[in-house]
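Q: This is the structure, below, for whatever I ask next.
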Amino acid sequence: MHPAYSVIIFTTASGAGYGLLFLLGLADIIGLDIRGRWFMPVSLTLALGLVTVGLLSSTFHLGRPERAWRAFSQWRSSWLSREGVAAVVTFVPAGILWLLTLFGDANSAAVLIMGLLAAALSVVTVYCTAMIYASLTTIRQWHSSWVPPVYLVLALASGAVLLVCLTALFGGSTYVPGIIAVVALLAAYSFKLRYWLGIDTEEKTHTMQAATGLENARQIAPPHTSENYVMKEMGYRVARKHARKLRRLAALLAFVLPAIVCLIAAFTGGTLATICGLVAVASCATGLAMERWLFFAEAQHVVTLYYGEATA
Amino acid sequence: MTSLPTPQERSGKKLGLVIDLDICVGCQACAVSCKEWNTSGYSAPLTDLAAYGDQPIGAWLNRIHTYEAGPDGESQTVHFPRSCLHCEEPACVTVCPTGASYKRAEDGIVLVNPETCIGCKLCSWACPYGAREYDYDHGVMKKCTLCVDRIYNENLEEVDRVPACVRACPTSARHFGDLGDPESDVSKMVADRGGYDLLPEMGYKPVNKYLPPRPRRDKETAAPAPVQASETADGKAGIDKLFAWADRMLSR
């Protein structure tokens, strides 16, 4: 599948935004060290900013962005529509939470309730994003039961890494966010390894024979002399050798390095924790962009069977 | 809208095509005729970009592959037209976030409303058959309409009220009809010839059917194999043996 940059930016940025929003919504419950009156509003601005940038970026790959509002209508059948609705609904408690922390009493019951609602809706939105991919039976590498857990835990891990950085910048204790980040990053790594193992070992069940009804078929002349939309969008594939290298690099940058520096941040403080937080954010962002690129590039669509692939 | 019509809502009519792979000669007349009709029809335009450049790209609703198929030594060239199969369970419709994609309850035709499509391309990801193409210029998805603007068009002669591809096919390899009616010509053809579904295991239940190429007849009709040279009594046998010996020597 063709990896569209707008979709890579959208899913990684909004994932991290929802992960951060989830943790901020539960700030009281998980015992975050909130220093000063600006930590919450600034952090929430970052979370909502990432979500908004992501959502806007997702409209860039539309042929008719001015009609994007129509996508809220078909939530009964379409995961993409459900995602749009969930994203907009999440803005309501998240926006109220932002206003309360900016102008109101940060310890009120309203903050707790809006926080819980924003956290729950963040989970729902990321789950809907994952289901857009996981519901497609045409792409084996996406139609995997590991896709929703991977998306959810990646959002949590990248949000926790941001939280480590923010807490350190505001001079708070990075112990709680640091530990959450390490646990989430290790969980994300193990889920992603399990996902990769799954797509590597699973049998390819669709054949060119089933696609054409012809025994022992091979294509001797394609229908068109240059690439068409179907080939550009669905025929994109990365060389297996490169995929292996990129997987290792993505895992190192997205999970291993951020986990190490977040661990250091958890047990230190001050400037060292801030540097660790910044390194973790930069590394995790780069690694996740590669991971998401691979999610597309390694995915083989069934339609490639008509263009000469033996199995899919 | 993008929820599929319920069994109660469906009329039972399943309009579709039957494509005979035995007699298709791969002339592309159906693809060209389709393009000509539809570039000014329901989902007009079907844009071509860089049509005279070295990498032309355009939206076509019908694509004809050419395969070689069959057991070793008996393979045949098979021309394989590929277009929307107007599935009974089209995931391309249910994934649509806007309601632009829909399946008609009255005849089963799957259509895209070009006025409300946002060009998110998700329907093309959901289709296993590559039937939907994105129009890079128009910004919306294009697909076979089963010539919905021909088949009910009373301004046309009755003989022309079939999809453009069917009307154009010079070998009558393409047939149009109601596959929901077991007594229709197309249904009988499917029953007689063992018409089949593409990728049946995916559960999309395509309405369009393909008729398989008939087995090669050259074995029955060809002249009997020539008698082996070594078995003949005339003088040629010796020369043939000499050539065979020379061949063996030279092949060493």
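Naming scheme: A, B, ... for chains in displayed order of the structure tokens; residues 1 onward per chain; ligands 1 onward as shown.
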Could you tell me which residues of chain A sit within 7 Å of chain B when counting only C-alpha atoms, and give me the result as a short mmCIF file (atom, residue, chain, number, x, y, z; two decimals) with all heavy atoms, in the first residue's frame?

A:
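Listed below is the output, out.cif:
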data_model
loop_
_atom_site.label_atom_id
_atom_site.label_comp_id
_atom_site.auth_asym_id
_atom_site.auth_seq_id
_atom_site.Cartn_x
_atom_site.Cartn_y
_atom_site.Cartn_z
N HIS A 61 -5.21 14.43 2.18
CA HIS A 61 -5.21 13.37 1.16
C HIS A 61 -6.58 13.20 0.53
O HIS A 61 -6.78 12.34 -0.31
CB HIS A 61 -4.69 12.05 1.75
CG HIS A 61 -5.71 11.24 2.48
ND1 HIS A 61 -6.18 11.59 3.71
CD2 HIS A 61 -6.36 10.10 2.14
CE1 HIS A 61 -7.07 10.71 4.10
NE2 HIS A 61 -7.21 9.80 3.17
N LEU A 62 -7.53 14.04 0.93
CA LEU A 62 -8.86 13.97 0.31
C LEU A 62 -8.83 14.68 -1.04
O LEU A 62 -8.17 15.70 -1.21
CB LEU A 62 -9.91 14.63 1.20
CG LEU A 62 -10.12 14.04 2.59
CD1 LEU A 62 -11.20 14.82 3.32
CD2 LEU A 62 -10.51 12.57 2.50
N GLY A 63 -9.61 14.13 -1.97
CA GLY A 63 -9.73 14.80 -3.26
C GLY A 63 -10.59 16.05 -3.15
O GLY A 63 -10.42 17.01 -3.90
N ARG A 64 -11.55 16.04 -2.21
CA ARG A 64 -12.50 17.14 -2.04
C ARG A 64 -12.57 17.52 -0.56
O ARG A 64 -13.58 17.24 0.12
CB ARG A 64 -13.89 16.70 -2.52
CG ARG A 64 -13.96 16.44 -4.02
CD ARG A 64 -14.05 17.75 -4.75
NE ARG A 64 -14.09 17.57 -6.19
CZ ARG A 64 -14.65 18.47 -6.99
NH1 ARG A 64 -15.21 19.55 -6.51
NH2 ARG A 64 -14.63 18.27 -8.30
N PRO A 65 -11.49 18.15 -0.01
CA PRO A 65 -11.47 18.45 1.43
C PRO A 65 -12.64 19.32 1.88
O PRO A 65 -13.08 19.22 3.03
CB PRO A 65 -10.15 19.18 1.64
CG PRO A 65 -9.41 19.15 0.36
CD PRO A 65 -10.29 18.61 -0.70
N ARG A 67 -15.57 19.01 1.32
CA ARG A 67 -16.77 18.21 1.64
C ARG A 67 -16.54 17.31 2.86
O ARG A 67 -17.35 16.43 3.14
CB ARG A 67 -17.12 17.31 0.46
CG ARG A 67 -17.47 18.03 -0.82
CD ARG A 67 -17.69 17.00 -1.92
NE ARG A 67 -18.00 17.61 -3.20
CZ ARG A 67 -18.01 16.94 -4.34
NH1 ARG A 67 -17.71 15.64 -4.35
NH2 ARG A 67 -18.30 17.54 -5.47
N ALA A 68 -15.41 17.52 3.58
CA ALA A 68 -15.04 16.59 4.66
C ALA A 68 -16.14 16.45 5.70
O ALA A 68 -16.29 15.38 6.31
CB ALA A 68 -13.74 17.04 5.33
N ARG A 70 -19.09 15.90 5.40
CA ARG A 70 -20.03 14.82 5.08
C ARG A 70 -19.62 13.50 5.74
O ARG A 70 -20.44 12.58 5.86
CB ARG A 70 -20.10 14.61 3.57
CG ARG A 70 -20.76 15.75 2.85
CD ARG A 70 -20.92 15.42 1.38
NE ARG A 70 -21.49 16.53 0.63
CZ ARG A 70 -22.80 16.76 0.55
NH1 ARG A 70 -23.64 15.96 1.13
NH2 ARG A 70 -23.23 17.79 -0.15
N ALA A 71 -18.32 13.40 6.11
CA ALA A 71 -17.82 12.14 6.67
C ALA A 71 -18.38 11.84 8.06
O ALA A 71 -18.14 10.76 8.59
CB ALA A 71 -16.29 12.17 6.72
N PHE A 72 -19.11 12.76 8.68
CA PHE A 72 -19.69 12.48 10.00
C PHE A 72 -21.01 11.73 9.91
O PHE A 72 -21.59 11.37 10.92
CB PHE A 72 -19.91 13.79 10.78
CG PHE A 72 -18.64 14.57 10.98
CD1 PHE A 72 -18.50 15.86 10.51
CD2 PHE A 72 -17.57 13.99 11.64
CE1 PHE A 72 -17.32 16.57 10.69
CE2 PHE A 72 -16.38 14.68 11.83
CZ PHE A 72 -16.26 15.98 11.35
N SER A 73 -21.49 11.47 8.70
CA SER A 73 -22.87 10.99 8.56
C SER A 73 -23.04 9.47 8.62
O SER A 73 -24.11 9.00 8.96
CB SER A 73 -23.46 11.52 7.25
OG SER A 73 -22.76 10.98 6.16
N GLN A 74 -22.01 8.70 8.26
CA GLN A 74 -22.25 7.26 8.06
C GLN A 74 -21.69 6.39 9.17
O GLN A 74 -21.17 5.30 8.93
CB GLN A 74 -21.69 6.83 6.69
CG GLN A 74 -22.28 7.58 5.54
CD GLN A 74 -23.79 7.46 5.47
OE1 GLN A 74 -24.33 6.37 5.56
NE2 GLN A 74 -24.47 8.60 5.33
N SER A 77 -22.18 2.39 9.61
CA SER A 77 -21.48 1.32 8.90
C SER A 77 -19.98 1.56 8.76
O SER A 77 -19.23 0.61 8.57
CB SER A 77 -22.08 1.11 7.51
OG SER A 77 -21.73 2.20 6.67
N SER A 78 -19.52 2.81 8.84
CA SER A 78 -18.14 3.11 8.44
C SER A 78 -17.27 3.48 9.64
O SER A 78 -17.58 4.41 10.39
CB SER A 78 -18.17 4.27 7.44
OG SER A 78 -16.88 4.81 7.29
N TRP A 79 -16.14 2.76 9.78
CA TRP A 79 -15.21 3.07 10.87
C TRP A 79 -14.57 4.44 10.67
O TRP A 79 -14.23 5.13 11.62
CB TRP A 79 -14.14 2.00 11.01
CG TRP A 79 -14.64 0.78 11.71
CD1 TRP A 79 -14.95 -0.42 11.15
CD2 TRP A 79 -14.90 0.64 13.12
NE1 TRP A 79 -15.41 -1.29 12.12
CE2 TRP A 79 -15.38 -0.68 13.32
CE3 TRP A 79 -14.79 1.50 14.21
CZ2 TRP A 79 -15.74 -1.14 14.59
CZ3 TRP A 79 -15.15 1.02 15.48
CH2 TRP A 79 -15.62 -0.28 15.65
N LEU A 80 -14.40 4.84 9.43
CA LEU A 80 -13.82 6.17 9.16
C LEU A 80 -14.77 7.26 9.66
O LEU A 80 -14.34 8.25 10.28
CB LEU A 80 -13.54 6.33 7.66
CG LEU A 80 -12.99 7.67 7.19
CD1 LEU A 80 -11.75 8.08 7.96
CD2 LEU A 80 -12.66 7.62 5.70
N SER A 81 -16.06 7.07 9.41
CA SER A 81 -17.05 8.02 9.89
C SER A 81 -17.09 8.03 11.41
O SER A 81 -17.14 9.09 12.05
CB SER A 81 -18.41 7.66 9.31
OG SER A 81 -19.36 8.65 9.63
N LEU A 136 -10.42 -4.10 7.13
CA LEU A 136 -10.28 -4.37 5.69
C LEU A 136 -9.78 -5.79 5.44
O LEU A 136 -8.61 -6.11 5.70
CB LEU A 136 -9.31 -3.36 5.06
CG LEU A 136 -9.76 -1.90 5.06
CD1 LEU A 136 -8.64 -1.01 4.57
CD2 LEU A 136 -11.00 -1.70 4.20
N THR A 138 -9.25 -7.09 2.68
CA THR A 138 -8.46 -7.12 1.44
C THR A 138 -6.96 -7.02 1.70
O THR A 138 -6.18 -7.24 0.78
CB THR A 138 -8.88 -5.95 0.55
OG1 THR A 138 -8.96 -4.78 1.37
CG2 THR A 138 -10.20 -6.19 -0.11
N ALA A 210 -7.65 -18.23 -7.46
CA ALA A 210 -8.96 -17.83 -6.93
C ALA A 210 -9.39 -16.49 -7.51
O ALA A 210 -10.58 -16.24 -7.74
CB ALA A 210 -8.93 -17.77 -5.42
N ALA A 211 -8.41 -15.61 -7.77
CA ALA A 211 -8.73 -14.27 -8.27
C ALA A 211 -9.21 -14.31 -9.71
O ALA A 211 -10.07 -13.53 -10.10
CB ALA A 211 -7.51 -13.36 -8.14
N THR A 212 -8.65 -15.22 -10.52
CA THR A 212 -8.97 -15.24 -11.94
C THR A 212 -9.82 -16.45 -12.33
O THR A 212 -10.40 -16.48 -13.41
CB THR A 212 -7.69 -15.28 -12.80
OG1 THR A 212 -6.98 -16.49 -12.46
CG2 THR A 212 -6.81 -14.08 -12.54
N GLY A 213 -9.84 -17.47 -11.46
CA GLY A 213 -10.52 -18.72 -11.82
C GLY A 213 -9.72 -19.54 -12.81
O GLY A 213 -10.21 -20.54 -13.33
N LEU A 214 -8.48 -19.12 -13.08
CA LEU A 214 -7.66 -19.80 -14.09
C LEU A 214 -6.53 -20.57 -13.41
O LEU A 214 -5.89 -20.06 -12.50
CB LEU A 214 -7.06 -18.78 -15.06
CG LEU A 214 -8.06 -17.88 -15.80
CD1 LEU A 214 -7.33 -16.78 -16.53
CD2 LEU A 214 -8.91 -18.70 -16.76
N GLU A 215 -6.34 -21.79 -13.88
CA GLU A 215 -5.30 -22.62 -13.31
C GLU A 215 -3.94 -22.17 -13.84
O GLU A 215 -3.80 -21.88 -15.03
CB GLU A 215 -5.59 -24.07 -13.74
CG GLU A 215 -4.79 -25.11 -12.99
CD GLU A 215 -4.97 -26.49 -13.64
OE1 GLU A 215 -6.00 -26.70 -14.34
OE2 GLU A 215 -4.07 -27.32 -13.47
N ASN A 216 -2.96 -22.11 -12.94
CA ASN A 216 -1.58 -21.92 -13.37
C ASN A 216 -1.41 -20.63 -14.20
O ASN A 216 -0.69 -20.62 -15.20
CB ASN A 216 -1.17 -23.14 -14.21
CG ASN A 216 0.33 -23.34 -14.26
OD1 ASN A 216 1.05 -22.72 -13.49
ND2 ASN A 216 0.79 -24.19 -15.16
N ALA A 217 -2.07 -19.56 -13.76
CA ALA A 217 -2.08 -18.34 -14.58
C ALA A 217 -0.86 -17.48 -14.33
O ALA A 217 -0.31 -17.44 -13.23
CB ALA A 217 -3.35 -17.54 -14.28
N ARG A 218 -0.41 -16.84 -15.38
CA ARG A 218 0.60 -15.77 -15.22
C ARG A 218 0.26 -14.66 -16.19
O ARG A 218 -0.27 -14.92 -17.28
CB ARG A 218 2.02 -16.30 -15.43
CG ARG A 218 2.28 -16.81 -16.82
CD ARG A 218 3.67 -17.42 -16.91
NE ARG A 218 3.90 -17.94 -18.25
CZ ARG A 218 4.43 -17.22 -19.23
NH1 ARG A 218 4.79 -15.98 -19.03
NH2 ARG A 218 4.60 -17.75 -20.43
N GLN A 219 0.56 -13.43 -15.79
CA GLN A 219 0.18 -12.30 -16.64
C GLN A 219 1.21 -12.14 -17.77
O GLN A 219 2.40 -12.06 -17.51
CB GLN A 219 0.11 -11.02 -15.82
CG GLN A 219 -0.33 -9.82 -16.64
CD GLN A 219 -0.71 -8.62 -15.80
OE1 GLN A 219 -1.87 -8.35 -15.55
NE2 GLN A 219 0.29 -7.88 -15.35
N ILE A 220 0.74 -12.10 -18.99
CA ILE A 220 1.68 -11.88 -20.10
C ILE A 220 1.54 -10.49 -20.69
O ILE A 220 2.45 -10.01 -21.35
CB ILE A 220 1.58 -12.97 -21.21
CG1 ILE A 220 0.16 -13.11 -21.74
CG2 ILE A 220 2.11 -14.29 -20.71
CD1 ILE A 220 0.06 -14.08 -22.91
N ALA A 221 0.42 -9.82 -20.43
CA ALA A 221 0.30 -8.43 -20.86
C ALA A 221 -0.61 -7.70 -19.88
O ALA A 221 -1.74 -8.11 -19.65
CB ALA A 221 -0.27 -8.34 -22.27
N PRO A 222 -0.09 -6.62 -19.27
CA PRO A 222 -0.94 -5.84 -18.36
C PRO A 222 -1.96 -5.04 -19.16
O PRO A 222 -1.81 -4.86 -20.37
CB PRO A 222 0.06 -4.93 -17.65
CG PRO A 222 1.19 -4.77 -18.60
CD PRO A 222 1.25 -6.03 -19.41
N PRO A 223 -3.02 -4.56 -18.50
CA PRO A 223 -4.08 -3.85 -19.23
C PRO A 223 -3.69 -2.44 -19.66
O PRO A 223 -4.40 -1.84 -20.46
CB PRO A 223 -5.23 -3.76 -18.23
CG PRO A 223 -4.80 -4.49 -17.02
CD PRO A 223 -3.34 -4.69 -17.08
N SER A 226 1.26 2.19 -18.72
CA SER A 226 1.93 2.83 -17.59
C SER A 226 1.06 2.62 -16.36
O SER A 226 -0.06 2.13 -16.47
CB SER A 226 2.15 4.32 -17.86
OG SER A 226 0.93 4.95 -18.12
N GLU A 227 1.58 2.96 -15.19
CA GLU A 227 0.86 2.69 -13.95
C GLU A 227 -0.49 3.40 -13.90
O GLU A 227 -0.61 4.54 -14.37
CB GLU A 227 1.69 3.18 -12.76
CG GLU A 227 2.77 2.22 -12.35
CD GLU A 227 3.30 2.54 -10.96
OE1 GLU A 227 3.42 3.74 -10.65
OE2 GLU A 227 3.59 1.60 -10.22
N ASN A 228 -1.50 2.72 -13.35
CA ASN A 228 -2.78 3.39 -13.13
C ASN A 228 -2.95 3.65 -11.64
O ASN A 228 -2.05 3.34 -10.85
CB ASN A 228 -3.93 2.55 -13.70
CG ASN A 228 -4.18 1.28 -12.92
OD1 ASN A 228 -3.31 0.81 -12.19
ND2 ASN A 228 -5.35 0.69 -13.09
N TYR A 229 -4.09 4.20 -11.26
CA TYR A 229 -4.33 4.50 -9.84
C TYR A 229 -4.19 3.25 -8.97
O TYR A 229 -3.57 3.29 -7.90
CB TYR A 229 -5.73 5.12 -9.66
CG TYR A 229 -6.19 5.08 -8.24
CD1 TYR A 229 -5.67 5.96 -7.30
CD2 TYR A 229 -7.11 4.12 -7.80
CE1 TYR A 229 -6.06 5.90 -5.97
CE2 TYR A 229 -7.51 4.06 -6.48
CZ TYR A 229 -6.98 4.95 -5.57
OH TYR A 229 -7.35 4.87 -4.26
N VAL A 230 -4.77 2.15 -9.43
CA VAL A 230 -4.76 0.92 -8.64
C VAL A 230 -3.32 0.48 -8.35
O VAL A 230 -2.99 0.10 -7.22
CB VAL A 230 -5.56 -0.19 -9.35
CG1 VAL A 230 -5.40 -1.53 -8.65
CG2 VAL A 230 -7.04 0.17 -9.41
N VAL A 302 -4.98 -7.47 -1.97
CA VAL A 302 -5.40 -8.63 -2.78
C VAL A 302 -5.42 -8.31 -4.28
O VAL A 302 -5.17 -9.19 -5.11
CB VAL A 302 -6.79 -9.12 -2.29
CG1 VAL A 302 -7.40 -10.11 -3.27
CG2 VAL A 302 -6.68 -9.76 -0.93
N VAL A 303 -5.67 -7.06 -4.64
CA VAL A 303 -5.78 -6.72 -6.07
C VAL A 303 -4.46 -6.98 -6.81
O VAL A 303 -4.46 -7.15 -8.04
CB VAL A 303 -6.23 -5.26 -6.26
CG1 VAL A 303 -5.11 -4.27 -6.00
CG2 VAL A 303 -6.79 -5.05 -7.68
#

Q: What are the DSSP helix (DSSP H, G or I) residues of stretch 8-195 of chain A, as number ranges by chain?

A: A: 8-25, 27-30, 39-60, 65-72, 79-103, 109-134, 147-169, 175-195

Q: Just how far from atom CA of A:His242 is atom CA of A:Leu185, in Å to one decimal?

A: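 About the pair atom CA of A:Leu185 and atom CA of A:His242: they are 23.9 Å apart.
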
Q: In Å to one decimal, how far is atom CA of A:Ala47 from atom CA of A:Ile113?

A: 18.1 Å

Q: Pick out the residues sitting within 6 Å of A:Leu156, and hand them over as an mmCIF file with N, CA, C and O atoms, in the first residue's frame; count only C-alpha atoms, and ignore anything fewer than 3 positions along from it in its own chain.

A:
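Dumped everything to result.cif:
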data_model
loop_
_atom_site.group_PDB
_atom_site.id
_atom_site.type_symbol
_atom_site.label_atom_id
_atom_site.label_comp_id
_atom_site.auth_asym_id
_atom_site.auth_seq_id
_atom_site.Cartn_x
_atom_site.Cartn_y
_atom_site.Cartn_z
ATOM 1 N N GLY A 19 -2.975 10.023 23.323
ATOM 2 C CA GLY A 19 -2.264 9.366 24.427
ATOM 3 C C GLY A 19 -2.003 10.362 25.544
ATOM 4 O O GLY A 19 -2.232 10.075 26.736
ATOM 5 N N VAL A 153 -1.715 1.002 22.267
ATOM 6 C CA VAL A 153 -0.546 1.061 23.141
ATOM 7 C C VAL A 153 0.510 2.021 22.573
ATOM 8 O O VAL A 153 1.233 2.677 23.333
ATOM 9 N N GLY A 159 2.236 9.273 23.991
ATOM 10 C CA GLY A 159 1.693 10.302 24.884
ATOM 11 C C GLY A 159 2.480 10.369 26.182
ATOM 12 O O GLY A 159 2.767 11.466 26.689
#

Q: Need the shell around A:Thr12: protein/DNA/RNA residues with any atom at most 9 Å away, counting only C-alpha atoms. Skip same-chain ones fewer than 5 positions apart. Format as a PyMOL selection string?

A: chain A and resi 7+17+54+154-155+158+285+288-289+292

Q: For the residues selected in the previous step, produce a file with N, CA and C atoms as a PDB file, in the first residue's frame.

A:
ATOM      1  N   VAL A   7      -1.244  10.730   5.856  1.00  0.00           N
ATOM      2  CA  VAL A   7      -1.852   9.727   6.736  1.00  0.00           C
ATOM      3  C   VAL A   7      -0.862   9.298   7.823  1.00  0.00           C
ATOM      4  N   GLY A  17      -1.232  12.719  20.543  1.00  0.00           N
ATOM      5  CA  GLY A  17      -2.118  13.709  21.169  1.00  0.00           C
ATOM      6  C   GLY A  17      -3.164  13.047  22.052  1.00  0.00           C
ATOM      7  N   GLY A  54      -3.190  16.634  13.346  1.00  0.00           N
ATOM      8  CA  GLY A  54      -3.405  15.321  12.750  1.00  0.00           C
ATOM      9  C   GLY A  54      -4.676  15.281  11.930  1.00  0.00           C
ATOM     10  N   LEU A 154       0.563   2.149  21.252  1.00  0.00           N
ATOM     11  CA  LEU A 154       1.490   3.128  20.655  1.00  0.00           C
ATOM     12  C   LEU A 154       1.061   4.553  20.995  1.00  0.00           C
ATOM     13  N   ALA A 155      -0.254   4.790  20.991  1.00  0.00           N
ATOM     14  CA  ALA A 155      -0.754   6.126  21.364  1.00  0.00           C
ATOM     15  C   ALA A 155      -0.403   6.426  22.822  1.00  0.00           C
ATOM     16  N   SER A 158       3.500   6.956  23.142  1.00  0.00           N
ATOM     17  CA  SER A 158       4.004   8.238  22.629  1.00  0.00           C
ATOM     18  C   SER A 158       3.468   9.402  23.458  1.00  0.00           C
ATOM     19  N   ALA A 285       9.318  10.037  17.995  1.00  0.00           N
ATOM     20  CA  ALA A 285       8.587  10.585  16.845  1.00  0.00           C
ATOM     21  C   ALA A 285       9.162  10.047  15.540  1.00  0.00           C
ATOM     22  N   LEU A 288       8.361   6.249  15.273  1.00  0.00           N
ATOM     23  CA  LEU A 288       6.954   5.964  14.984  1.00  0.00           C
ATOM     24  C   LEU A 288       6.593   6.321  13.540  1.00  0.00           C
ATOM     25  N   ALA A 289       7.204   7.395  13.030  1.00  0.00           N
ATOM     26  CA  ALA A 289       6.951   7.733  11.617  1.00  0.00           C
ATOM     27  C   ALA A 289       7.432   6.585  10.724  1.00  0.00           C
ATOM     28  N   ARG A 292       5.038   3.600  11.082  1.00  0.00           N
ATOM     29  CA  ARG A 292       3.787   3.813  10.367  1.00  0.00           C
ATOM     30  C   ARG A 292       4.000   3.712   8.858  1.00  0.00           C
TER      31      ARG A 292
END

Q: Between atom CA of A:Gly25 and atom CA of A:Leu117, what distance in Å does the model show, to one decimal?

A: 7.7 Å

Q: Give me every strand (DSSP E) residue in stretch 177-269 of chain A, going by DSSP on the backbone, as a PyMOL selection string.

A: chain A and resi 218-221

Q: Using all heavy atoms, can you write the selected residues to a file as an mmCIF file, in the first residue's frame?

A:
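Okay, out_35.cif is ready:
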data_model
loop_
_atom_site.group_PDB
_atom_site.id
_atom_site.type_symbol
_atom_site.label_atom_id
_atom_site.label_comp_id
_atom_site.auth_asym_id
_atom_site.auth_seq_id
_atom_site.Cartn_x
_atom_site.Cartn_y
_atom_site.Cartn_z
ATOM 1 N N ARG A 218 -0.407 -16.835 -15.378
ATOM 2 C CA ARG A 218 0.598 -15.767 -15.217
ATOM 3 C C ARG A 218 0.264 -14.660 -16.195
ATOM 4 O O ARG A 218 -0.273 -14.923 -17.284
ATOM 5 C CB ARG A 218 2.023 -16.301 -15.430
ATOM 6 C CG ARG A 218 2.285 -16.807 -16.822
ATOM 7 C CD ARG A 218 3.670 -17.420 -16.908
ATOM 8 N NE ARG A 218 3.904 -17.941 -18.247
ATOM 9 C CZ ARG A 218 4.428 -17.219 -19.234
ATOM 10 N NH1 ARG A 218 4.786 -15.981 -19.028
ATOM 11 N NH2 ARG A 218 4.603 -17.750 -20.426
ATOM 12 N N GLN A 219 0.558 -13.427 -15.793
ATOM 13 C CA GLN A 219 0.182 -12.300 -16.644
ATOM 14 C C GLN A 219 1.210 -12.144 -17.769
ATOM 15 O O GLN A 219 2.400 -12.062 -17.512
ATOM 16 C CB GLN A 219 0.106 -11.021 -15.815
ATOM 17 C CG GLN A 219 -0.327 -9.817 -16.641
ATOM 18 C CD GLN A 219 -0.714 -8.620 -15.797
ATOM 19 O OE1 GLN A 219 -1.870 -8.346 -15.553
ATOM 20 N NE2 GLN A 219 0.286 -7.879 -15.352
ATOM 21 N N ILE A 220 0.741 -12.101 -18.991
ATOM 22 C CA ILE A 220 1.680 -11.882 -20.099
ATOM 23 C C ILE A 220 1.545 -10.491 -20.688
ATOM 24 O O ILE A 220 2.446 -10.015 -21.348
ATOM 25 C CB ILE A 220 1.584 -12.966 -21.210
ATOM 26 C CG1 ILE A 220 0.162 -13.112 -21.736
ATOM 27 C CG2 ILE A 220 2.107 -14.289 -20.711
ATOM 28 C CD1 ILE A 220 0.056 -14.079 -22.910
ATOM 29 N N ALA A 221 0.416 -9.823 -20.431
ATOM 30 C CA ALA A 221 0.298 -8.430 -20.861
ATOM 31 C C ALA A 221 -0.608 -7.697 -19.876
ATOM 32 O O ALA A 221 -1.743 -8.113 -19.653
ATOM 33 C CB ALA A 221 -0.271 -8.337 -22.271
#
